[in-house]
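Undergrad: Have a peek at query-v3.cif (mmCIF, C-alpha atoms).
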```cif
data_start
#
loop_
_atom_site.label_atom_id
_atom_site.label_comp_id
_atom_site.auth_asym_id
_atom_site.auth_seq_id
_atom_site.Cartn_x
_atom_site.Cartn_y
_atom_site.Cartn_z
CA MET A 28 0.00 0.00 0.00
CA ASP A 29 1.45 3.31 -1.15
CA ASP A 30 0.09 6.69 -2.18
CA SER A 31 2.48 6.70 -5.21
CA ARG A 32 0.83 4.86 -8.09
CA MET A 33 4.16 4.33 -9.86
CA GLN A 34 5.81 2.92 -6.75
CA ARG A 35 2.86 0.57 -6.20
CA ARG A 36 3.00 -0.66 -9.79
CA ILE A 37 6.72 -1.42 -9.58
CA VAL A 38 6.36 -3.30 -6.30
CA SER A 39 3.15 -5.06 -7.45
CA ALA A 40 4.80 -6.22 -10.66
CA ASN A 41 7.64 -7.81 -8.73
CA LEU A 42 5.22 -9.45 -6.28
CA ARG A 43 3.11 -10.97 -9.06
CA LYS A 44 6.25 -12.19 -10.78
CA TRP A 45 7.21 -13.98 -7.58
CA GLY A 46 3.80 -15.66 -7.42
CA TYR A 47 1.91 -13.47 -4.95
CA ASP A 48 -1.72 -12.40 -5.31
CA VAL A 49 -1.71 -8.62 -4.96
CA LEU A 50 -4.30 -6.05 -3.84
CA GLU A 51 -3.45 -2.33 -4.01
CA ALA A 52 -4.67 0.61 -1.93
CA ALA A 53 -3.80 4.30 -2.13
CA SER A 54 -4.49 5.10 1.54
CA GLY A 55 -4.64 3.52 4.99
CA ALA A 56 -8.45 3.70 5.08
CA GLU A 57 -8.72 1.97 1.71
CA GLY A 58 -6.19 -0.63 2.81
CA LEU A 59 -8.09 -1.28 6.03
CA SER A 60 -11.30 -1.90 4.04
CA LEU A 61 -9.45 -4.47 1.91
CA CYS A 62 -8.17 -6.20 5.05
CA VAL A 63 -11.74 -6.51 6.32
CA GLU A 64 -13.05 -7.89 3.01
CA HIS A 65 -10.15 -10.24 2.19
CA ASP A 66 -7.96 -12.75 4.01
CA ILE A 67 -4.66 -10.90 3.67
CA SER A 68 -1.57 -12.53 5.13
CA MET A 69 1.16 -9.99 4.24
CA ILE A 70 1.07 -6.19 4.03
CA LEU A 71 3.58 -3.75 2.53
CA SER A 72 2.74 -0.25 3.71
CA ASP A 73 4.36 3.11 3.13
CA TRP A 74 5.01 5.20 6.24
CA MET A 75 3.66 8.43 4.80
CA MET A 76 0.12 8.24 3.36
CA PRO A 77 -2.93 10.53 3.17
CA GLY A 78 -5.37 10.16 6.08
CA MET A 79 -3.26 7.99 8.36
CA THR A 80 0.39 7.07 8.68
CA GLY A 81 1.79 3.58 8.24
CA PRO A 82 2.12 3.02 12.02
CA GLU A 83 -1.48 4.21 12.52
CA PHE A 84 -2.67 1.84 9.82
CA CYS A 85 -0.69 -1.00 11.44
CA ARG A 86 -2.33 -0.36 14.82
CA ALA A 87 -5.78 -0.33 13.21
CA PHE A 88 -4.94 -3.57 11.37
CA ARG A 89 -3.87 -5.30 14.59
CA GLN A 90 -7.18 -4.32 16.22
CA LEU A 91 -9.28 -6.11 13.59
CA GLY A 92 -9.35 -9.27 15.75
CA ARG A 93 -8.26 -11.69 13.03
CA ASP A 94 -7.95 -15.41 13.79
CA ASP A 95 -4.70 -15.75 11.84
CA TYR A 96 -1.63 -13.57 11.85
CA GLY A 97 -0.79 -10.87 9.28
CA TYR A 98 2.86 -10.06 8.60
CA PHE A 99 3.36 -6.28 8.35
CA ILE A 100 6.32 -4.59 6.61
CA LEU A 101 6.74 -0.81 6.75
CA LEU A 102 8.36 0.98 3.78
CA THR A 103 10.09 4.14 4.93
CA SER A 104 12.82 6.61 4.20
CA LYS A 105 13.14 7.09 7.97
CA GLY A 106 15.94 5.19 9.60
CA GLY A 107 16.29 6.70 13.06
CA SER A 108 15.92 4.63 16.24
CA ASP A 109 12.88 6.63 17.33
CA GLU A 110 11.06 5.87 14.07
CA ILE A 111 11.97 2.17 14.29
CA ALA A 112 10.72 2.05 17.86
CA GLU A 113 7.46 3.72 16.85
CA GLY A 114 6.96 1.26 14.02
CA LEU A 115 7.62 -1.77 16.24
CA ASN A 116 5.34 -0.41 18.95
CA SER A 117 2.57 -0.06 16.39
CA GLY A 118 2.83 -3.78 15.59
CA ALA A 119 5.07 -3.82 12.51
CA ASP A 120 7.19 -6.94 11.96
CA ASP A 121 9.87 -5.56 9.63
CA PHE A 122 11.16 -2.47 7.80
CA LEU A 123 12.39 -1.73 4.29
CA THR A 124 14.15 1.50 3.31
CA LYS A 125 12.93 3.31 0.23
CA PRO A 126 13.71 3.12 -2.60
CA VAL A 127 12.95 -0.59 -2.31
CA ASN A 128 15.62 -3.03 -3.48
CA SER A 129 13.90 -6.02 -5.11
CA GLY A 130 16.38 -8.56 -3.79
CA GLU A 131 16.05 -7.29 -0.24
CA LEU A 132 12.27 -7.18 -0.59
CA ARG A 133 12.11 -10.79 -1.70
CA ALA A 134 14.35 -11.86 1.19
CA ARG A 135 12.14 -10.01 3.70
CA LEU A 136 9.02 -11.61 2.20
CA ARG A 137 10.52 -15.08 2.50
CA ALA A 138 11.37 -14.36 6.12
CA GLY A 139 7.76 -13.30 6.60
CA GLU A 140 6.54 -16.50 4.97
CA ARG A 141 8.59 -18.54 7.40
CA VAL A 142 7.04 -16.65 10.31
CA LEU A 143 3.54 -17.19 8.90
CA LYS A 144 4.19 -20.91 8.40
CA MET A 145 5.39 -21.24 11.97
CA GLN A 146 2.39 -19.25 13.15
CA SER A 147 0.05 -21.47 11.14
CA ALA A 148 1.69 -24.60 12.54
CA LEU A 149 1.40 -23.19 16.06
CA ILE A 150 -2.29 -22.44 15.53
CA ASP A 151 -2.86 -25.99 14.26
CA LYS A 152 -1.04 -27.44 17.25
CA ASN A 153 -2.97 -25.20 19.61
CA GLN A 154 -6.22 -26.39 18.06
CA ILE A 155 -5.10 -30.00 18.55
CA VAL A 156 -4.14 -29.24 22.16
CA ASN A 157 -7.42 -27.43 22.81
CA ALA A 158 -9.40 -30.30 21.32
CA ALA A 159 -7.45 -32.76 23.47
CA LEU A 160 -8.03 -30.61 26.55
CA GLN A 161 -11.75 -30.51 25.81
CA ARG A 162 -11.81 -34.30 25.52
CA ILE A 163 -9.82 -34.61 28.74
CA GLU A 164 -12.19 -32.19 30.47
CA THR A 165 -15.16 -34.24 29.26
CA LEU A 166 -13.53 -37.45 30.48
CA TYR A 167 -12.60 -35.79 33.77
CA ASP A 168 -16.16 -34.59 34.30
CA ALA A 169 -17.44 -38.12 33.63
CA LEU A 170 -14.80 -39.62 35.93
CA ASN A 171 -15.52 -37.04 38.61
CA HIS A 172 -19.22 -37.89 38.41
CA ASP A 173 -18.46 -41.63 38.64
CA LEU A 174 -16.14 -41.09 41.61
CA SER A 175 -18.77 -39.00 43.37
CA GLU A 176 -21.26 -41.81 42.84
CA ALA A 177 -18.64 -44.29 44.06
CA ARG A 178 -18.22 -42.20 47.22
CA HIS A 179 -21.96 -42.37 47.87
CA LEU A 180 -21.93 -46.11 47.24
CA GLN A 181 -18.98 -46.60 49.59
CA GLN A 182 -20.63 -44.59 52.32
CA SER A 183 -23.77 -46.66 51.79
CA LEU A 184 -21.73 -49.65 53.02
CA VAL A 185 -22.33 -48.07 56.43
CA ARG A 186 -26.07 -48.50 56.10
CA GLU A 187 -26.93 -47.18 59.55
CA THR A 188 -24.92 -44.59 61.44
CA ASP A 189 -26.97 -44.67 64.66
CA ILE A 190 -28.09 -48.11 65.86
CA GLN A 191 -30.23 -48.46 68.97
CA LEU A 192 -30.07 -51.78 70.81
CA PRO A 193 -31.82 -52.85 74.00
CA GLU A 194 -28.32 -53.29 75.44
CA GLY A 195 -26.75 -50.10 74.13
CA ARG A 196 -26.16 -47.80 71.20
CA ILE A 197 -23.73 -47.90 68.25
CA ALA A 198 -22.66 -44.78 66.30
CA LEU A 199 -20.59 -45.00 63.13
CA ASN A 200 -18.89 -42.52 60.83
CA LEU A 201 -16.99 -42.94 57.54
CA THR A 202 -15.31 -39.90 55.94
CA PRO A 203 -13.09 -40.73 52.93
CA SER A 204 -10.16 -38.38 52.33
CA GLY A 205 -10.96 -38.12 48.60
CA HIS A 206 -13.80 -39.34 46.45
CA VAL A 207 -13.32 -42.90 47.68
CA GLY A 208 -11.08 -44.51 50.27
CA GLY A 209 -10.09 -47.70 52.01
CA ASP A 210 -11.69 -47.38 55.45
CA LEU A 211 -14.76 -49.21 56.71
CA VAL A 212 -16.54 -49.55 60.03
CA GLY A 213 -19.51 -51.82 60.61
CA THR A 214 -21.52 -54.18 62.73
CA PHE A 215 -23.36 -57.46 62.20
CA ARG A 216 -25.63 -59.67 64.22
CA VAL A 217 -24.33 -63.06 65.26
CA ASN A 218 -27.52 -64.13 67.03
CA ASP A 219 -29.98 -62.68 69.52
CA ASP A 220 -27.30 -62.33 72.17
CA GLN A 221 -24.13 -61.44 70.25
CA ILE A 222 -22.97 -58.79 67.80
CA GLY A 223 -19.83 -58.23 65.78
CA LEU A 224 -18.10 -54.84 65.62
CA PHE A 225 -15.24 -54.05 63.25
CA SER A 226 -13.04 -51.29 61.90
CA LEU A 227 -10.72 -51.94 58.94
CA ASP A 228 -8.33 -49.92 56.80
CA VAL A 229 -7.06 -51.05 53.38
CA SER A 230 -3.58 -49.83 52.42
CA GLY A 231 -3.34 -46.99 49.92
CA HIS A 232 -6.08 -44.71 48.66
CA GLY A 233 -8.34 -44.34 45.69
CA VAL A 234 -10.34 -46.69 43.52
CA THR A 235 -8.38 -49.93 44.03
CA SER A 236 -8.45 -49.54 47.81
CA ALA A 237 -12.18 -48.79 47.69
CA LEU A 238 -12.87 -51.86 45.54
CA MET A 239 -11.01 -54.06 47.99
CA THR A 240 -12.91 -52.45 50.88
CA ALA A 241 -16.20 -53.26 49.16
CA ARG A 242 -15.05 -56.86 48.73
CA LEU A 243 -14.17 -57.11 52.42
CA ALA A 244 -17.53 -55.60 53.36
CA GLY A 245 -19.14 -58.65 51.77
CA TYR A 246 -17.03 -60.96 53.92
CA LEU A 247 -18.28 -59.23 57.09
CA SER A 248 -21.84 -58.46 56.05
CA GLY A 249 -24.79 -58.94 58.35
CA LEU A 250 -27.11 -59.12 55.33
CA THR A 251 -25.56 -62.34 54.01
CA PRO A 252 -24.52 -64.36 57.07
CA ASN A 253 -23.72 -67.39 54.90
CA GLN A 254 -20.89 -65.34 53.33
CA ASN A 255 -19.75 -63.67 56.54
CA MET A 256 -16.36 -65.16 57.39
CA ALA A 257 -16.78 -64.22 61.06
CA LEU A 258 -19.75 -66.60 61.39
CA GLN A 259 -20.17 -70.37 61.42
CA LYS A 260 -23.42 -72.04 60.43
CA GLN A 261 -24.74 -74.50 63.00
CA PRO A 262 -26.51 -77.82 62.31
CA ASP A 263 -29.85 -76.27 63.24
CA GLY A 264 -29.38 -73.49 60.67
CA SER A 265 -28.45 -70.80 63.19
CA TYR A 266 -25.10 -68.99 63.27
CA ALA A 267 -22.39 -68.76 65.89
CA ALA A 268 -19.36 -66.50 66.06
CA ARG A 269 -16.09 -67.86 64.80
CA ASP A 270 -13.07 -67.02 66.92
CA PRO A 271 -11.98 -63.52 65.72
CA ALA A 272 -8.35 -64.64 65.46
CA LYS A 273 -9.43 -67.52 63.22
CA THR A 274 -11.38 -65.07 61.06
CA ALA A 275 -8.29 -62.87 60.65
CA SER A 276 -6.20 -65.91 59.75
CA GLU A 277 -8.67 -67.08 57.09
CA LEU A 278 -8.94 -63.57 55.64
CA ASN A 279 -5.15 -63.47 55.46
CA GLU A 280 -4.96 -66.73 53.51
CA LEU A 281 -7.86 -65.70 51.26
CA LEU A 282 -6.21 -62.38 50.43
CA LEU A 283 -2.90 -64.00 49.53
CA ARG A 284 -4.45 -66.94 47.68
CA GLU A 285 -7.34 -65.50 45.69
CA LEU A 286 -7.42 -61.71 45.50
CA ASP A 287 -4.02 -61.30 43.79
CA THR A 288 -3.37 -57.77 45.01
CA GLU A 289 -0.48 -55.84 46.50
CA HIS A 290 -2.85 -54.29 49.03
CA TYR A 291 -3.13 -55.44 52.63
CA PHE A 292 -5.40 -54.25 55.40
CA THR A 293 -5.56 -53.78 59.14
CA ILE A 294 -8.59 -54.69 61.22
CA ALA A 295 -9.95 -54.66 64.77
CA LEU A 296 -12.78 -57.20 65.04
CA SER A 297 -14.75 -57.72 68.25
CA ILE A 298 -17.48 -60.22 69.15
CA VAL A 299 -19.56 -58.92 72.05
CA ASP A 300 -21.98 -60.91 74.21
CA LEU A 301 -24.68 -58.37 74.96
CA ARG A 302 -26.01 -60.29 77.96
CA THR A 303 -22.74 -60.57 79.84
CA GLY A 304 -20.57 -57.82 78.29
CA TYR A 305 -17.86 -60.39 77.53
CA MET A 306 -15.88 -59.35 74.44
CA ARG A 307 -13.19 -61.08 72.37
CA THR A 308 -11.15 -58.92 69.97
CA VAL A 309 -8.48 -59.54 67.36
CA GLN A 310 -6.23 -56.59 66.55
CA ALA A 311 -4.45 -57.17 63.25
CA GLY A 312 -2.15 -54.19 62.76
CA HIS A 313 -5.04 -51.80 63.45
CA PRO A 314 -4.98 -48.90 65.95
CA HIS A 315 -5.60 -49.94 69.54
CA PRO A 316 -9.28 -50.04 70.51
CA VAL A 317 -10.19 -47.60 73.26
CA LEU A 318 -12.16 -48.48 76.38
CA GLN A 319 -13.73 -45.71 78.44
CA ARG A 320 -15.18 -46.71 81.76
CA GLN A 321 -17.36 -44.31 83.70
CA GLY A 322 -15.25 -42.17 85.98
CA TYR A 323 -11.97 -43.19 84.31
CA GLY A 324 -9.88 -41.86 81.43
CA PRO A 325 -9.60 -43.66 78.10
CA SER A 326 -7.39 -46.76 77.99
CA TYR A 327 -5.93 -48.44 74.92
CA LEU A 328 -6.45 -52.18 74.44
CA GLY A 329 -4.49 -54.85 72.56
CA ASP A 330 -0.87 -55.34 71.53
CA GLY A 331 -0.90 -54.55 67.79
CA GLY A 332 -0.67 -57.70 65.73
CA MET A 333 0.21 -58.34 62.08
CA PRO A 334 -1.74 -56.72 59.21
CA VAL A 335 -3.79 -59.05 57.03
CA GLY A 336 -2.41 -60.00 53.61
CA LEU A 337 1.31 -59.39 54.15
CA ILE A 338 2.75 -62.86 54.78
CA PRO A 339 1.38 -66.42 54.58
CA ASP A 340 0.55 -68.29 57.76
CA ALA A 341 0.56 -65.15 59.88
CA SER A 342 -0.36 -65.81 63.50
CA TYR A 343 -3.22 -63.93 65.16
CA SER A 344 -4.52 -63.97 68.72
CA CYS A 345 -7.44 -62.49 70.64
CA PHE A 346 -7.63 -60.52 73.84
CA GLU A 347 -10.59 -60.51 76.19
CA THR A 348 -12.39 -57.56 77.75
CA GLN A 349 -15.23 -57.45 80.23
CA LEU A 350 -17.60 -54.61 79.40
CA ARG A 351 -19.65 -53.15 82.22
CA PRO A 352 -22.85 -51.16 81.91
CA GLY A 353 -21.89 -47.56 81.16
CA ASP A 354 -18.67 -48.51 79.33
CA ARG A 355 -17.81 -47.07 75.95
CA LEU A 356 -15.78 -48.87 73.26
CA ILE A 357 -14.22 -47.00 70.32
CA LEU A 358 -12.82 -48.63 67.16
CA TYR A 359 -11.19 -46.25 64.70
CA SER A 360 -8.69 -45.83 61.85
CA ASP A 361 -5.23 -44.25 61.95
CA GLY A 362 -6.53 -41.32 59.92
CA ILE A 363 -7.48 -39.92 63.34
CA THR A 364 -4.30 -40.42 65.38
CA GLU A 365 -2.05 -39.62 62.38
CA ALA A 366 -3.88 -36.40 61.49
CA GLU A 367 -1.31 -33.61 61.20
CA ARG A 368 -1.28 -29.94 62.04
CA PRO A 369 0.10 -27.58 59.37
CA ASP A 370 3.50 -27.80 61.14
CA GLY A 371 3.52 -31.61 60.77
CA LYS A 372 2.78 -32.57 64.39
CA MET A 373 0.45 -35.58 64.61
CA LEU A 374 -2.52 -35.76 66.92
CA ASP A 375 -1.33 -39.21 68.18
CA GLU A 376 -3.04 -41.38 70.80
CA ALA A 377 -2.65 -38.83 73.60
CA GLY A 378 -4.39 -36.11 71.61
CA PHE A 379 -7.15 -38.50 70.59
CA ALA A 380 -7.63 -39.57 74.21
CA LYS A 381 -8.02 -35.93 75.25
CA ILE A 382 -10.79 -35.41 72.69
CA LEU A 383 -12.52 -38.58 73.87
CA GLU A 384 -12.22 -37.60 77.51
CA THR A 385 -13.78 -34.18 76.94
CA SER A 386 -16.59 -35.83 74.93
CA ARG A 387 -17.42 -38.56 77.48
CA SER A 388 -20.69 -36.97 78.56
CA LEU A 389 -21.96 -36.78 74.96
CA ASP A 390 -23.85 -39.54 73.18
CA GLY A 391 -22.14 -41.55 70.43
CA PRO A 392 -23.32 -39.61 67.33
CA THR A 393 -22.53 -36.27 68.98
CA THR A 394 -19.12 -37.57 70.02
CA LEU A 395 -18.31 -38.44 66.40
CA ASP A 396 -19.49 -35.03 65.21
CA ARG A 397 -17.31 -33.41 67.87
CA LEU A 398 -14.37 -35.57 66.81
CA LEU A 399 -14.64 -34.48 63.17
CA THR A 400 -14.89 -30.84 64.23
CA GLU A 401 -11.78 -31.16 66.40
CA LEU A 402 -9.86 -32.86 63.59
CA ARG A 403 -10.73 -30.07 61.15
CA LEU A 404 -9.61 -27.48 63.68
CA TYR A 405 -6.40 -29.41 64.37
CA THR A 406 -5.47 -29.93 60.71
CA GLY A 407 -6.72 -26.53 59.58
CA THR A 408 -8.65 -28.02 56.65
CA ASP A 409 -11.97 -29.64 55.81
CA GLU A 410 -10.27 -32.16 53.51
CA PHE A 411 -8.34 -34.82 55.42
CA THR A 412 -5.20 -36.38 53.92
CA ASP A 413 -6.28 -39.84 55.07
CA ASP A 414 -9.63 -41.56 55.49
CA VAL A 415 -11.28 -41.04 58.87
CA SER A 416 -13.61 -43.63 60.35
CA ALA A 417 -14.77 -44.55 63.84
CA LEU A 418 -17.31 -46.66 65.70
CA VAL A 419 -18.56 -45.80 69.19
CA PHE A 420 -20.38 -48.51 71.19
CA ASP A 421 -22.04 -47.42 74.42
CA TYR A 422 -22.87 -50.53 76.42
CA SER A 423 -25.76 -50.16 78.83
CA GLY A 424 -26.08 -53.84 79.80
CA PRO A 425 -28.90 -56.35 79.29
CA ALA A 426 -32.39 -54.98 79.16
CA MET A 427 -34.28 -55.52 82.43
#
```
As structure tokens, how would this structure be written, given the file I've shared?
TA:
Amino acid sequence: MDDSRMQRRIVSANLRKWGYDVLEAASGAEGLSLCVEHDISMILSDWMMPGMTGPEFCRAFRQLGRDDYGYFILLTSKGGSDEIAEGLNSGADDFLTKPVNSGELRARLRAGERVLKMQSALIDKNQIVNAALQRIETLYDALNHDLSEARHLQQSLVRETDIQLPEGRIALNLTPSGHVGGDLVGTFRVNDDQIGLFSLDVSGHGVTSALMTARLAGYLSGLTPNQNMALQKQPDGSYAARDPAKTASELNELLLRELDTEHYFTIALSIVDLRTGYMRTVQAGHPHPVLQRQGYGPSYLGDGGMPVGLIPDASYSCFETQLRPGDRLILYSDGITEAERPDGKMLDEAGFAKILETSRSLDGPTTLDRLLTELRLYTGTDEFTDDVSALVFDYSGPAM
């Protein structure tokens, strides 16, 4: 674009000879109209023109909001640093000094073509990346929805969170650290006089841990006693409790023999006689159960034990506890005692015992609500780094 018809004709002739399609304009306004009407990739513009200067035209061209890039070369007799700076600030890509040398012009045009090709390739790649990101976002949304549903399904494994018995009350809570987790607490009926209580924690986090937790829930389900590995069917069709240590041993062999997984789990499993308060518990690598007697501070039970699914033929043993009316039993996961403050200090068993002691006058469900509140205050976040689960059993003794 040039206000000199002769200059335009000379330059246009060379451009056509080199294979370019050429449009001519005598002013910046006329050139701007052509840029709106046509897909123009390269512009040669004189600095001095009627109506607007070359830099002004360049700024107007850059503001058109084109999808592709236009390479802009200013033709000028000006060669000072101030003029060059003004041209670059207006959006120009290159300069040519008048009178135009055809060899230099062709070299500058080829350089512009290389820039345009790179720009076109970049746009294509960006489109590919954007399309991939959109697909990923769609997949992520679908996965996020599935994981949210999985979280609801996992929490549904704890069908009841407040169970009233003639002999007491059981409160349960399961709070996964992410969408899904590896913790589970639960209870099942053995017979009219006995119940089973358990808390387990599968190693790791995420979907695979949750799937294994769901599998284990079936092995300790009160809905299907014939599949519950803690129960033994009697000749008369009734069920009796298997020794908890034997249950842990059989789960260990089952995990190593059939499930073919690198995961293991810890568990505290108790069988309680509701008439007498006699309780037998196996602790397989799980946090120590807590016993709170009326008028006394919390005490930790058990001696640890080996997690389930680590080594074949692992040995497990039970310990016995005599519950008295008014006693409280707590089974829980290490997501509680290993909860960390922002400075890295863990709550540990002493901190957990303090929370339990100050909550002793509260009922089970309120105690669990208080526990979650205290953990959020301690960690400074609503999202825990590990699954949190707990079971509180308040034993009131046999109904009179």
Undergrad: As a check of understanding, name the residues that the PyMOL selection byres ((chain A and resi 258-269) around 10) selects in the supplied structure, as a ChimeraX atom specification.
TA: /A:215-218,221-223,246-249,252-257,270-274,298-299
Undergrad: Keeping only C-alpha atoms, take the residues you just selected and write them out as a compact mmCIF listing (two decimals), in the coordinates of the input.
TA:
```txt
# COMPACT_ATOMS: atom_id res chain seq x y z
CA PHE A 215 -23.36 -57.46 62.20
CA ARG A 216 -25.63 -59.67 64.22
CA VAL A 217 -24.33 -63.06 65.26
CA ASN A 218 -27.52 -64.13 67.03
CA GLN A 221 -24.13 -61.44 70.25
CA ILE A 222 -22.97 -58.79 67.80
CA GLY A 223 -19.83 -58.23 65.78
CA TYR A 246 -17.03 -60.96 53.92
CA LEU A 247 -18.28 -59.23 57.09
CA SER A 248 -21.84 -58.46 56.05
CA GLY A 249 -24.79 -58.94 58.35
CA PRO A 252 -24.52 -64.36 57.07
CA ASN A 253 -23.72 -67.39 54.90
CA GLN A 254 -20.89 -65.34 53.33
CA ASN A 255 -19.75 -63.67 56.54
CA MET A 256 -16.36 -65.16 57.39
CA ALA A 257 -16.78 -64.22 61.06
CA ASP A 270 -13.07 -67.02 66.92
CA PRO A 271 -11.98 -63.52 65.72
CA ALA A 272 -8.35 -64.64 65.46
CA LYS A 273 -9.43 -67.52 63.22
CA THR A 274 -11.38 -65.07 61.06
CA ILE A 298 -17.48 -60.22 69.15
CA VAL A 299 -19.56 -58.92 72.05
```
Undergrad: Need the shell around Ser416 of chain A: protein/DNA/RNA residues with any atom at most 10 Å away, counting all atoms listed in the file. Skip same-chain ones fewer than 5 positions apart. Format as number ranges by chain?
TA: A: 199-203, 209-212, 226-228, 358-363, 395, 399
Undergrad: What do you get, as a PDB file with C-alpha atoms, in the frame of the given file, if you spell out every residue that the PyMOL selection byres ((chain A and resi 354) around 9) selects here?
TA:
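New file result21.pdb:
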```pdb
ATOM      1  CA  LEU A 318     -12.160 -48.480  76.380  1.00  0.00           C
ATOM      2  CA  GLN A 319     -13.730 -45.710  78.440  1.00  0.00           C
ATOM      3  CA  ARG A 320     -15.180 -46.710  81.760  1.00  0.00           C
ATOM      4  CA  GLN A 321     -17.360 -44.310  83.700  1.00  0.00           C
ATOM      5  CA  LEU A 350     -17.600 -54.610  79.400  1.00  0.00           C
ATOM      6  CA  ARG A 351     -19.650 -53.150  82.220  1.00  0.00           C
ATOM      7  CA  PRO A 352     -22.850 -51.160  81.910  1.00  0.00           C
ATOM      8  CA  GLY A 353     -21.890 -47.560  81.160  1.00  0.00           C
ATOM      9  CA  ARG A 355     -17.810 -47.070  75.950  1.00  0.00           C
ATOM     10  CA  LEU A 356     -15.780 -48.870  73.260  1.00  0.00           C
ATOM     11  CA  PHE A 420     -20.380 -48.510  71.190  1.00  0.00           C
ATOM     12  CA  ASP A 421     -22.040 -47.420  74.420  1.00  0.00           C
ATOM     13  CA  TYR A 422     -22.870 -50.530  76.420  1.00  0.00           C
ATOM     14  CA  SER A 423     -25.760 -50.160  78.830  1.00  0.00           C
TER      15      SER A 423
END
```
Undergrad: Show me, as AutoDock Vina command-line options, the centre and edge lengths in Å to one decimal of the axis-aligned box that covers every listed atom of segment 32-50 of chain A with 5 Å on each side.
TA:
```
--center_x 1.7 --center_y -5.4 --center_z -7.3 --size_x 21.9 --size_y 30.5 --size_z 16.9
```
Undergrad: Suppose a student applies the PyMOL selection byres ((chain A and resi 404-414) around 6) to this structure; what residues should they get, written as a PyMOL selection string?
TA: chain A and resi 202-204+362+367-368+401-403+415
Undergrad: Using all atoms listed in the file, which protein or nucleic acid residues come within 12 Å of Ser60 of chain A? Drop anything in the same chain fewer than 6 positions from it, and give the result as a list in words.
TA: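 Using all atoms listed in the file, the neighbours found are Leu50, Glu51, Ala52, Ala53, Ser54, Asp66, Ile67, Phe84, Ala87, Phe88 and Leu91 of chain A.
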Undergrad: What is the distance between atom CA of Asp48 of chain A and atom CA of Ile70 of chain A, in Å to one decimal?
TA: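 Atom CA of Ile70 of chain A lies 11.6 Å from atom CA of Asp48 of chain A.
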Undergrad: Atom CA of Tyr305 of chain A to atom CA of Leu418 of chain A: how many Å, to one decimal?
TA: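 Calculated distance between atom CA of Tyr305 of chain A and atom CA of Leu418 of chain A is 18.1 Å.
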Undergrad: Which is closer to Val335 of chain A than all the others in A:Leu389, A:Met373, A:Leu278, A:Met76, using all atoms listed in the file?
TA: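 Going through A:Leu389, A:Met373, A:Leu278, A:Met76 one by one, the smallest distance to Val335 of chain A is for A:Leu278.
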Undergrad: Measuring atom to atom with all atoms listed in the file, identify which of A:Glu376, A:Glu277, A:Glu285, A:Asp120 is nearest to His315 of chain A.
TA: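 Ranking A:Glu376, A:Glu277, A:Glu285, A:Asp120 by distance to His315 of chain A, first place goes to A:Glu376.
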Undergrad: So the first atom is atom CA of Arg186 of chain A and the second is atom CA of Val419 of chain A; what is the distance between them in Å, to one decimal place?
TA: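 Distance reported for this atom pair: 15.3 Å.
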Undergrad: Which residues, protein or nucleic acid, reach to within 12 Å of (0.1, -58.9, 60.5) in the file's coordinates when using only C-alpha atoms, and can you give that as an MDAnalysis selection string?
TA: chainID A and resid 272 275:276 278:280 291:295 309:313 330:344
Undergrad: Could you turn the residues from that selection into a file that holds C-alpha atoms, as a PDB file, in the coordinates of the input?
TA:
```pdb
ATOM      1  CA  ALA A 272      -8.350 -64.640  65.460  1.00  0.00           C
ATOM      2  CA  ALA A 275      -8.290 -62.870  60.650  1.00  0.00           C
ATOM      3  CA  SER A 276      -6.200 -65.910  59.750  1.00  0.00           C
ATOM      4  CA  LEU A 278      -8.940 -63.570  55.640  1.00  0.00           C
ATOM      5  CA  ASN A 279      -5.150 -63.470  55.460  1.00  0.00           C
ATOM      6  CA  GLU A 280      -4.960 -66.730  53.510  1.00  0.00           C
ATOM      7  CA  TYR A 291      -3.130 -55.440  52.630  1.00  0.00           C
ATOM      8  CA  PHE A 292      -5.400 -54.250  55.400  1.00  0.00           C
ATOM      9  CA  THR A 293      -5.560 -53.780  59.140  1.00  0.00           C
ATOM     10  CA  ILE A 294      -8.590 -54.690  61.220  1.00  0.00           C
ATOM     11  CA  ALA A 295      -9.950 -54.660  64.770  1.00  0.00           C
ATOM     12  CA  VAL A 309      -8.480 -59.540  67.360  1.00  0.00           C
ATOM     13  CA  GLN A 310      -6.230 -56.590  66.550  1.00  0.00           C
ATOM     14  CA  ALA A 311      -4.450 -57.170  63.250  1.00  0.00           C
ATOM     15  CA  GLY A 312      -2.150 -54.190  62.760  1.00  0.00           C
ATOM     16  CA  HIS A 313      -5.040 -51.800  63.450  1.00  0.00           C
ATOM     17  CA  ASP A 330      -0.870 -55.340  71.530  1.00  0.00           C
ATOM     18  CA  GLY A 331      -0.900 -54.550  67.790  1.00  0.00           C
ATOM     19  CA  GLY A 332      -0.670 -57.700  65.730  1.00  0.00           C
ATOM     20  CA  MET A 333       0.210 -58.340  62.080  1.00  0.00           C
ATOM     21  CA  PRO A 334      -1.740 -56.720  59.210  1.00  0.00           C
ATOM     22  CA  VAL A 335      -3.790 -59.050  57.030  1.00  0.00           C
ATOM     23  CA  GLY A 336      -2.410 -60.000  53.610  1.00  0.00           C
ATOM     24  CA  LEU A 337       1.310 -59.390  54.150  1.00  0.00           C
ATOM     25  CA  ILE A 338       2.750 -62.860  54.780  1.00  0.00           C
ATOM     26  CA  PRO A 339       1.380 -66.420  54.580  1.00  0.00           C
ATOM     27  CA  ASP A 340       0.550 -68.290  57.760  1.00  0.00           C
ATOM     28  CA  ALA A 341       0.560 -65.150  59.880  1.00  0.00           C
ATOM     29  CA  SER A 342      -0.360 -65.810  63.500  1.00  0.00           C
ATOM     30  CA  TYR A 343      -3.220 -63.930  65.160  1.00  0.00           C
ATOM     31  CA  SER A 344      -4.520 -63.970  68.720  1.00  0.00           C
TER      32      SER A 344
END
```
